[in-house]
Amino acid sequence: MAEAVDVLFINPGNRKQIYQDLGDEFCGIEPPAFGALFATYLRQQGLRVALIDGPAFNMSADEIANSAIDDYRARLIVIVVYGNQPSASSQTMTSAGAVARHIKDGDPDARILMTGTHPAALPERTMLEEPIDFVCDLEGPVTIHKTFEALKAGDESFADVPSLWWRDEGRIIKPRSAEPLITSLDREMPGIAWDLLPMDRYRSHNWHAFDHLEDRSYASMHTSLGCPYKCSFCCINAPFGKPAYRMWSPRVVVDEIAFLAETYGVKNIKFVDEMFVLNKRHVLEICDLLIERDLGVNIWAYARVDTVQDQFLDKLKAAGVNWLCLGIESASDNVRDGALKKFENEDIIDVVRRIQGAGIYILGNFIFGLPDDTMERMQSTLDLALELNCEFANFYSAMAYPGSPLYAEADASGSELPSSWHQFSQHAYDSLPLANAHCTSADILEFRDQAWQTYFTDSNYLSMVRRTFGDDVVDHIERMVKIPLARRIVEEKYAA
Ligand code: SF4
């Protein structure tokens, strides 16, 4: 039995429920960046912490719960429901709830707090639905610390803890104050507690390592938190309470990357920031330091079509930022404008070509089924994807994620929304995209799956991959597209 800890963090998740049988070769396994950041914050306050990463070991909910009860004896258990990207929080809730139930079955006295994008977006509902004691409705670390201190003091009133929803003799009590956002990330939360994580279990996404599929050693980390934009389908700012943007200093970021490369031999790194290429000084200073340190890492990061400027590109490439992920979303101006992304198709084509011209590969993100999308417009989006011929592409069905303006609209208008949280997964058998005025959920999901097949079997795409990455990567992609993705609502459409 390990030594008792003050706070135990749990990263929940059920890979089979979320991804079906996509296979280890084609999926990445990401470190739980938020949980391990919060662990650093608590260590700065002098607390003893531990973390169980369920998905890294493919643990079931009862295995996670048994380990939590038997191995750690924590005063406070925190289930961190963040996912690998903002939209991946809700899909994790089914597993998070199962973990909480198993813990309470095994130890009714365990005190459980949930934090993350989904609980922050729907705190009261989370309190009503899950067998937990607390929900944090903002960022997390300060609330977690103050909750622990209250428990340690034997306090059974949590009224002074900011952003904490709690129970008083069965009644759900709202917080009286809001958790302050951390202002000095460098000082208060200087990087991830890597030593708590099973670093040899993490694996990059396949495409991220197309230049070297034999080495998928991996870590994901932030250089900033939040996003100043307000796209209608995005829930990123739910835990921050407003569109906000805070950065770690470039020196702290690059020291952390050097630590990963030198201590764990990590080659592939993801910047989790939903918007890395934004602040000119931040980006260029990180690039300069990476160029100076020459760490040999292979980085991917997010950018927006309207934030990529030529002055960034050569520096990014020289720094090892070999992939940029662009949220292209749709070929239709109407659909993009509805999502509050105001740029034209010509801008997209121009930016993609300029990025590729600098030797940086592109992961293009496309969404089918946003409000105003039609079958015709979805086909135009697929045609644009084929014309752009990005080195990799993600195709999403529009979902109204809790915490996004789209969710508030869908909820208010009585649109059908998932009844189980894992139905928010893009790859699940039970996946349920949002229908719109023109297309059913099944139409959109079926179109998305066919678009995926069309793109990755396209001869123009495969020729480009062969020229750029070689025959092995073409073989890899051909194996990937043979894996079937079953969908309940599409099966029902044809059974009807
Ligand atoms: S740019 Fe839009 S989609 Fe991307 S993180 Fe910001 S709000 Fe979300």
# chains A, B, ... in the order shown; residues from 1 in each chain; ligands from 1
>>> closest_atom_pairs(of="chain A", to="ligand 1", cutoff="8 Å", atoms="only C-alpha atoms and all ligand atoms", output="Markdown table")
| residue | atom | partner | partner_atom_place_in_ligand_line | distance |
| --- | --- | --- | --- | --- |
| A:Pro86 | CA | ligand 1 | 5 (S) | 8.0 |
| A:Gly226 | CA | ligand 1 | 5 (S) | 7.3 |
| A:Cys227 | CA | ligand 1 | 6 (Fe) | 4.7 |
| A:Pro228 | CA | ligand 1 | 6 (Fe) | 6.4 |
| A:Tyr229 | CA | ligand 1 | 7 (S) | 4.4 |
| A:Lys230 | CA | ligand 1 | 7 (S) | 4.4 |
| A:Cys231 | CA | ligand 1 | 2 (Fe) | 4.1 |
| A:Ser232 | CA | ligand 1 | 7 (S) | 7.4 |
| A:Phe233 | CA | ligand 1 | 3 (S) | 7.0 |
| A:Cys234 | CA | ligand 1 | 8 (Fe) | 4.5 |
| A:Cys235 | CA | ligand 1 | 8 (Fe) | 6.6 |
| A:Ile236 | CA | ligand 1 | 8 (Fe) | 5.6 |
| A:Asn237 | CA | ligand 1 | 7 (S) | 7.5 |
| A:Pro243 | CA | ligand 1 | 7 (S) | 7.9 |
| A:Asp273 | CA | ligand 1 | 5 (S) | 8.0 |
| A:Glu274 | CA | ligand 1 | 5 (S) | 4.5 |
| A:Met275 | CA | ligand 1 | 5 (S) | 5.9 |
| A:Arg304 | CA | ligand 1 | 1 (S) | 6.5 |
| A:Gly327 | CA | ligand 1 | 4 (Fe) | 6.9 |
| A:Lys341 | CA | ligand 1 | 2 (Fe) | 7.6 |
>>> write_last_selection(atoms="N, CA and C atoms", output="JSON list (two decimals), in the first residue's frame")
[["chain", "number", "residue", "atom", "x", "y", "z"],
["A", 86, "PRO", "N", -10.99, 20.59, -25.31],
["A", 86, "PRO", "CA", -12.20, 21.04, -24.62],
["A", 86, "PRO", "C", -13.43, 20.20, -24.93],
["A", 226, "GLY", "N", -6.85, 28.98, -22.03],
["A", 226, "GLY", "CA", -8.01, 29.73, -22.49],
["A", 226, "GLY", "C", -7.86, 30.23, -23.92],
["A", 227, "CYS", "N", -8.87, 30.94, -24.37],
["A", 227, "CYS", "CA", -8.88, 31.45, -25.74],
["A", 227, "CYS", "C", -9.70, 32.74, -25.74],
["A", 228, "PRO", "N", -9.22, 33.79, -26.44],
["A", 228, "PRO", "CA", -9.97, 35.05, -26.43],
["A", 228, "PRO", "C", -11.16, 35.04, -27.38],
["A", 229, "TYR", "N", -11.30, 34.01, -28.20],
["A", 229, "TYR", "CA", -12.40, 33.99, -29.19],
["A", 229, "TYR", "C", -13.65, 33.36, -28.59],
["A", 230, "LYS", "N", -14.74, 33.40, -29.39],
["A", 230, "LYS", "CA", -16.04, 32.91, -28.89],
["A", 230, "LYS", "C", -16.74, 32.10, -29.95],
["A", 231, "CYS", "N", -16.13, 31.07, -30.51],
["A", 231, "CYS", "CA", -16.79, 30.27, -31.55],
["A", 231, "CYS", "C", -18.01, 29.56, -30.94],
["A", 232, "SER", "N", -19.07, 29.51, -31.72],
["A", 232, "SER", "CA", -20.36, 29.10, -31.15],
["A", 232, "SER", "C", -20.36, 27.64, -30.68],
["A", 233, "PHE", "N", -19.55, 26.79, -31.33],
["A", 233, "PHE", "CA", -19.58, 25.36, -31.00],
["A", 233, "PHE", "C", -18.57, 25.00, -29.92],
["A", 234, "CYS", "N", -17.82, 25.98, -29.41],
["A", 234, "CYS", "CA", -16.67, 25.67, -28.56],
["A", 234, "CYS", "C", -16.97, 25.93, -27.08],
["A", 235, "CYS", "N", -16.51, 25.02, -26.22],
["A", 235, "CYS", "CA", -16.77, 25.15, -24.79],
["A", 235, "CYS", "C", -15.49, 25.43, -23.99],
["A", 236, "ILE", "N", -14.44, 25.85, -24.69],
["A", 236, "ILE", "CA", -13.13, 25.96, -24.01],
["A", 236, "ILE", "C", -13.16, 26.85, -22.78],
["A", 237, "ASN", "N", -13.97, 27.91, -22.84],
["A", 237, "ASN", "CA", -13.87, 28.89, -21.75],
["A", 237, "ASN", "C", -14.80, 28.61, -20.57],
["A", 243, "PRO", "N", -14.08, 34.50, -21.95],
["A", 243, "PRO", "CA", -12.95, 34.33, -22.87],
["A", 243, "PRO", "C", -11.70, 34.97, -22.26],
["A", 273, "ASP", "N", -2.62, 24.14, -25.82],
["A", 273, "ASP", "CA", -3.26, 25.44, -26.05],
["A", 273, "ASP", "C", -4.17, 25.36, -27.27],
["A", 274, "GLU", "N", -5.41, 25.76, -27.09],
["A", 274, "GLU", "CA", -6.31, 25.72, -28.24],
["A", 274, "GLU", "C", -5.95, 26.82, -29.24],
["A", 275, "MET", "N", -5.11, 27.72, -28.84],
["A", 275, "MET", "CA", -4.74, 28.82, -29.73],
["A", 275, "MET", "C", -3.30, 29.22, -29.43],
["A", 304, "ARG", "N", -5.16, 29.53, -35.92],
["A", 304, "ARG", "CA", -6.38, 29.87, -36.66],
["A", 304, "ARG", "C", -5.97, 30.46, -37.99],
["A", 327, "GLY", "N", -8.32, 25.12, -37.63],
["A", 327, "GLY", "CA", -9.77, 24.92, -37.58],
["A", 327, "GLY", "C", -10.40, 25.55, -38.81],
["A", 341, "LYS", "N", -16.66, 32.41, -37.22],
["A", 341, "LYS", "CA", -15.32, 32.39, -37.81],
["A", 341, "LYS", "C", -15.40, 33.14, -39.13]]
>>> select_by_dssp(residues="segment 369-411 of chain A", states="alpha helix (DSSP H)", output="ChimeraX atom specification")
/A:375-388,405-411
>>> write_last_selection(atoms="C-alpha atoms", output="short mmCIF file (atom, residue, chain, number, x, y, z; two decimals), in the first residue's frame")
data_model
loop_
_atom_site.label_atom_id
_atom_site.label_comp_id
_atom_site.auth_asym_id
_atom_site.auth_seq_id
_atom_site.Cartn_x
_atom_site.Cartn_y
_atom_site.Cartn_z
CA MET A 375 -25.97 18.03 -47.70
CA GLU A 376 -24.75 20.26 -50.51
CA ARG A 377 -22.68 22.46 -48.22
CA MET A 378 -21.20 19.43 -46.48
CA GLN A 379 -20.15 18.12 -49.90
CA SER A 380 -18.50 21.50 -50.59
CA THR A 381 -16.61 21.17 -47.33
CA LEU A 382 -15.36 17.73 -48.33
CA ASP A 383 -14.41 19.08 -51.78
CA LEU A 384 -12.44 21.87 -50.09
CA ALA A 385 -10.68 19.33 -47.86
CA LEU A 386 -9.71 17.30 -50.95
CA GLU A 387 -8.49 20.42 -52.73
CA LEU A 388 -6.42 21.54 -49.74
CA PRO A 405 -23.26 28.80 -26.94
CA LEU A 406 -24.54 26.08 -29.30
CA TYR A 407 -25.51 23.92 -26.30
CA ALA A 408 -27.45 26.79 -24.71
CA GLU A 409 -29.31 27.36 -28.00
CA ALA A 410 -30.01 23.66 -28.56
CA ASP A 411 -31.18 23.20 -24.99
#
>>> residues_around(residues="segment 280-297 of chain A", least_positions_apart="6", cutoff="10 Å", atoms="only C-alpha atoms", output="PDB file with C-alpha atoms, in the first residue's frame")
ATOM      1  CA  TYR A 218       4.920  11.651 -26.285  1.00  0.00           C
ATOM      2  CA  THR A 223       2.041  27.202 -22.974  1.00  0.00           C
ATOM      3  CA  SER A 224      -1.175  29.175 -22.307  1.00  0.00           C
ATOM      4  CA  MET A 247       0.490  32.480 -20.743  1.00  0.00           C
ATOM      5  CA  TRP A 248       3.444  30.819 -19.109  1.00  0.00           C
ATOM      6  CA  SER A 249       6.683  32.655 -19.850  1.00  0.00           C
ATOM      7  CA  PRO A 250       8.696  31.282 -22.773  1.00  0.00           C
ATOM      8  CA  ARG A 251      11.631  30.374 -20.515  1.00  0.00           C
ATOM      9  CA  VAL A 252       9.409  28.204 -18.278  1.00  0.00           C
ATOM     10  CA  VAL A 253       7.855  26.539 -21.338  1.00  0.00           C
ATOM     11  CA  VAL A 254      11.156  25.691 -22.957  1.00  0.00           C
ATOM     12  CA  ASP A 255      12.712  24.498 -19.683  1.00  0.00           C
ATOM     13  CA  ILE A 257      10.316  20.817 -22.947  1.00  0.00           C
ATOM     14  CA  ALA A 258      14.035  20.352 -22.253  1.00  0.00           C
ATOM     15  CA  PHE A 259      13.172  18.400 -19.100  1.00  0.00           C
ATOM     16  CA  LEU A 260      10.874  16.108 -21.091  1.00  0.00           C
ATOM     17  CA  ALA A 261      13.438  15.506 -23.812  1.00  0.00           C
ATOM     18  CA  GLU A 262      16.358  14.992 -21.456  1.00  0.00           C
ATOM     19  CA  GLY A 265      13.538  10.963 -24.090  1.00  0.00           C
ATOM     20  CA  VAL A 266      10.270  12.476 -25.339  1.00  0.00           C
ATOM     21  CA  LYS A 267      10.370  13.209 -29.063  1.00  0.00           C
ATOM     22  CA  ASN A 268       6.780  14.251 -29.878  1.00  0.00           C
ATOM     23  CA  ILE A 269       5.102  17.120 -28.041  1.00  0.00           C
ATOM     24  CA  THR A 307      -3.751  34.315 -36.774  1.00  0.00           C
ATOM     25  CA  VAL A 308      -1.034  32.710 -38.923  1.00  0.00           C
ATOM     26  CA  GLN A 309       1.351  35.349 -40.197  1.00  0.00           C
ATOM     27  CA  GLN A 311       6.736  36.118 -39.846  1.00  0.00           C
ATOM     28  CA  PHE A 312       5.897  33.083 -37.680  1.00  0.00           C
ATOM     29  CA  LEU A 313       6.374  30.333 -40.194  1.00  0.00           C
ATOM     30  CA  ASP A 314      10.134  29.983 -40.706  1.00  0.00           C
ATOM     31  CA  LYS A 315      10.732  30.357 -36.975  1.00  0.00           C
ATOM     32  CA  LEU A 316       8.106  27.751 -36.106  1.00  0.00           C
ATOM     33  CA  LYS A 317       9.634  25.258 -38.510  1.00  0.00           C
ATOM     34  CA  ALA A 318      13.180  25.908 -37.276  1.00  0.00           C
ATOM     35  CA  ALA A 319      11.947  25.440 -33.686  1.00  0.00           C
ATOM     36  CA  GLY A 320      10.540  21.980 -34.465  1.00  0.00           C
ATOM     37  CA  VAL A 321       6.872  22.948 -34.816  1.00  0.00           C
ATOM     38  CA  ASN A 322       6.388  20.570 -37.720  1.00  0.00           C
TER      39      ASN A 322
END
>>> closest_atom_pairs(of="segment 190-284 of chain A", to="segment 146-168 of chain A", cutoff="12 Å", atoms="only C-alpha atoms", output="tab-separated table")
residue	atom	partner	partner_atom	distance
A:Pro239	CA	A:Ser163	CA	10.4
A:Phe240	CA	A:Ser163	CA	11.2
A:Gly241	CA	A:Ser163	CA	10.7
>>> write_last_selection(atoms="C-alpha atoms", output="PDB file, in the first residue's frame")
ATOM      1  CA  PRO A 239     -13.885  26.566 -16.708  1.00  0.00           C
ATOM      2  CA  PHE A 240     -12.560  30.132 -16.954  1.00  0.00           C
ATOM      3  CA  GLY A 241     -15.929  31.884 -16.808  1.00  0.00           C
TER       4      GLY A 241
END
>>> residues_around(residues="Glu129 of chain A", least_positions_apart="2", cutoff="12 Å", atoms="only C-alpha atoms", output="VMD selection string")
chain A and resid 93 to 94 96 to 98 100 to 101 114 119 122 to 127 131 to 135 172 420 to 421
>>> residues_around(residues="Leu42 of chain A", least_positions_apart="4", cutoff="10 Å", atoms="only C-alpha atoms", output="list in words")
Asp6, Val7, Ala36, Leu37, Phe38, Gly46, Leu47, Arg48, Val49, Pro141, Val142, Ile144, His145, Phe148, Glu188 and Met189 of chain A
>>> residues_around(residues="Ser441 of chain A", least_positions_apart="3", cutoff="12 Å", atoms="only C-alpha atoms", output="ChimeraX atom specification")
/A:368-371,373-375,397-400,415-418,423,430-438,444-448,487-490,492-493
>>> write_last_selection(atoms="C-alpha atoms", output="mmCIF file, in the first residue's frame")
data_model
loop_
_atom_site.group_PDB
_atom_site.id
_atom_site.type_symbol
_atom_site.label_atom_id
_atom_site.label_comp_id
_atom_site.auth_asym_id
_atom_site.auth_seq_id
_atom_site.Cartn_x
_atom_site.Cartn_y
_atom_site.Cartn_z
ATOM 1 C CA PHE A 368 -20.174 18.776 -40.735
ATOM 2 C CA GLY A 369 -23.684 19.705 -39.632
ATOM 3 C CA LEU A 370 -23.295 23.107 -37.985
ATOM 4 C CA PRO A 371 -26.525 25.146 -38.112
ATOM 5 C CA ASP A 373 -25.223 23.199 -43.120
ATOM 6 C CA THR A 374 -26.968 21.205 -45.843
ATOM 7 C CA MET A 375 -25.968 18.030 -47.695
ATOM 8 C CA SER A 397 -19.909 16.075 -36.691
ATOM 9 C CA ALA A 398 -21.290 19.198 -35.036
ATOM 10 C CA MET A 399 -22.137 18.606 -31.396
ATOM 11 C CA ALA A 400 -23.657 20.987 -28.905
ATOM 12 C CA SER A 415 -33.307 19.957 -29.835
ATOM 13 C CA GLU A 416 -32.491 16.314 -29.190
ATOM 14 C CA LEU A 417 -29.317 16.096 -27.132
ATOM 15 C CA PRO A 418 -27.435 13.008 -25.954
ATOM 16 C CA GLN A 423 -22.737 10.011 -26.938
ATOM 17 C CA ASP A 430 -23.650 5.632 -29.683
ATOM 18 C CA SER A 431 -22.406 8.967 -31.055
ATOM 19 C CA LEU A 432 -25.281 11.483 -31.472
ATOM 20 C CA PRO A 433 -24.479 14.662 -33.425
ATOM 21 C CA LEU A 434 -26.784 17.653 -33.332
ATOM 22 C CA ALA A 435 -29.441 17.619 -36.069
ATOM 23 C CA ASN A 436 -30.138 20.897 -37.849
ATOM 24 C CA ALA A 437 -32.995 22.304 -39.933
ATOM 25 C CA HIS A 438 -31.751 20.488 -43.042
ATOM 26 C CA ILE A 444 -24.616 14.072 -40.678
ATOM 27 C CA LEU A 445 -22.844 11.183 -38.986
ATOM 28 C CA GLU A 446 -23.075 8.997 -42.078
ATOM 29 C CA PHE A 447 -21.723 11.835 -44.222
ATOM 30 C CA ARG A 448 -18.869 12.355 -41.770
ATOM 31 C CA ARG A 487 -22.903 3.638 -35.653
ATOM 32 C CA ARG A 488 -26.185 2.948 -33.929
ATOM 33 C CA ILE A 489 -28.181 5.809 -35.447
ATOM 34 C CA VAL A 490 -26.990 5.001 -38.974
ATOM 35 C CA GLU A 492 -31.358 2.454 -37.272
ATOM 36 C CA LYS A 493 -31.782 4.734 -40.301
#
>>> select_by_dssp(residues="segment 216-437 of chain A", states="strand (DSSP E or B)", output="VMD selection string")
chain A and resid 218 to 221 224 to 225 246 to 247 268 to 271 277 298 to 303 321 to 329 361 to 368 392 to 397
>>> residues_around(residues="Ser90 of chain A", least_positions_apart="4", cutoff="7 Å", atoms="only C-alpha atoms", output="mmCIF file with C-alpha atoms, in the first residue's frame")
data_model
loop_
_atom_site.group_PDB
_atom_site.id
_atom_site.type_symbol
_atom_site.label_atom_id
_atom_site.label_comp_id
_atom_site.auth_asym_id
_atom_site.auth_seq_id
_atom_site.Cartn_x
_atom_site.Cartn_y
_atom_site.Cartn_z
ATOM 1 C CA HIS A 118 -18.275 19.631 -18.246
ATOM 2 C CA TRP A 421 -22.627 11.697 -21.957
ATOM 3 C CA HIS A 422 -20.390 9.353 -23.985
ATOM 4 C CA PHE A 424 -20.748 13.237 -27.299
#
>>> atom_distance(atom1="atom CA of Ser60 of chain A", atom2="atom CA of Asp105 of chain A")
15.0 Å
>>> closest_residue(among="A:Arg73, A:Lys482, A:His427, A:Arg466", to="Gln91 of chain A", atoms="only C-alpha atoms")
A:His427
>>> closest_residue(among="A:Ala4, A:Ile52, A:Ala193, A:Ala219", to="Asn66 of chain A", atoms="only C-alpha atoms")
A:Ile52
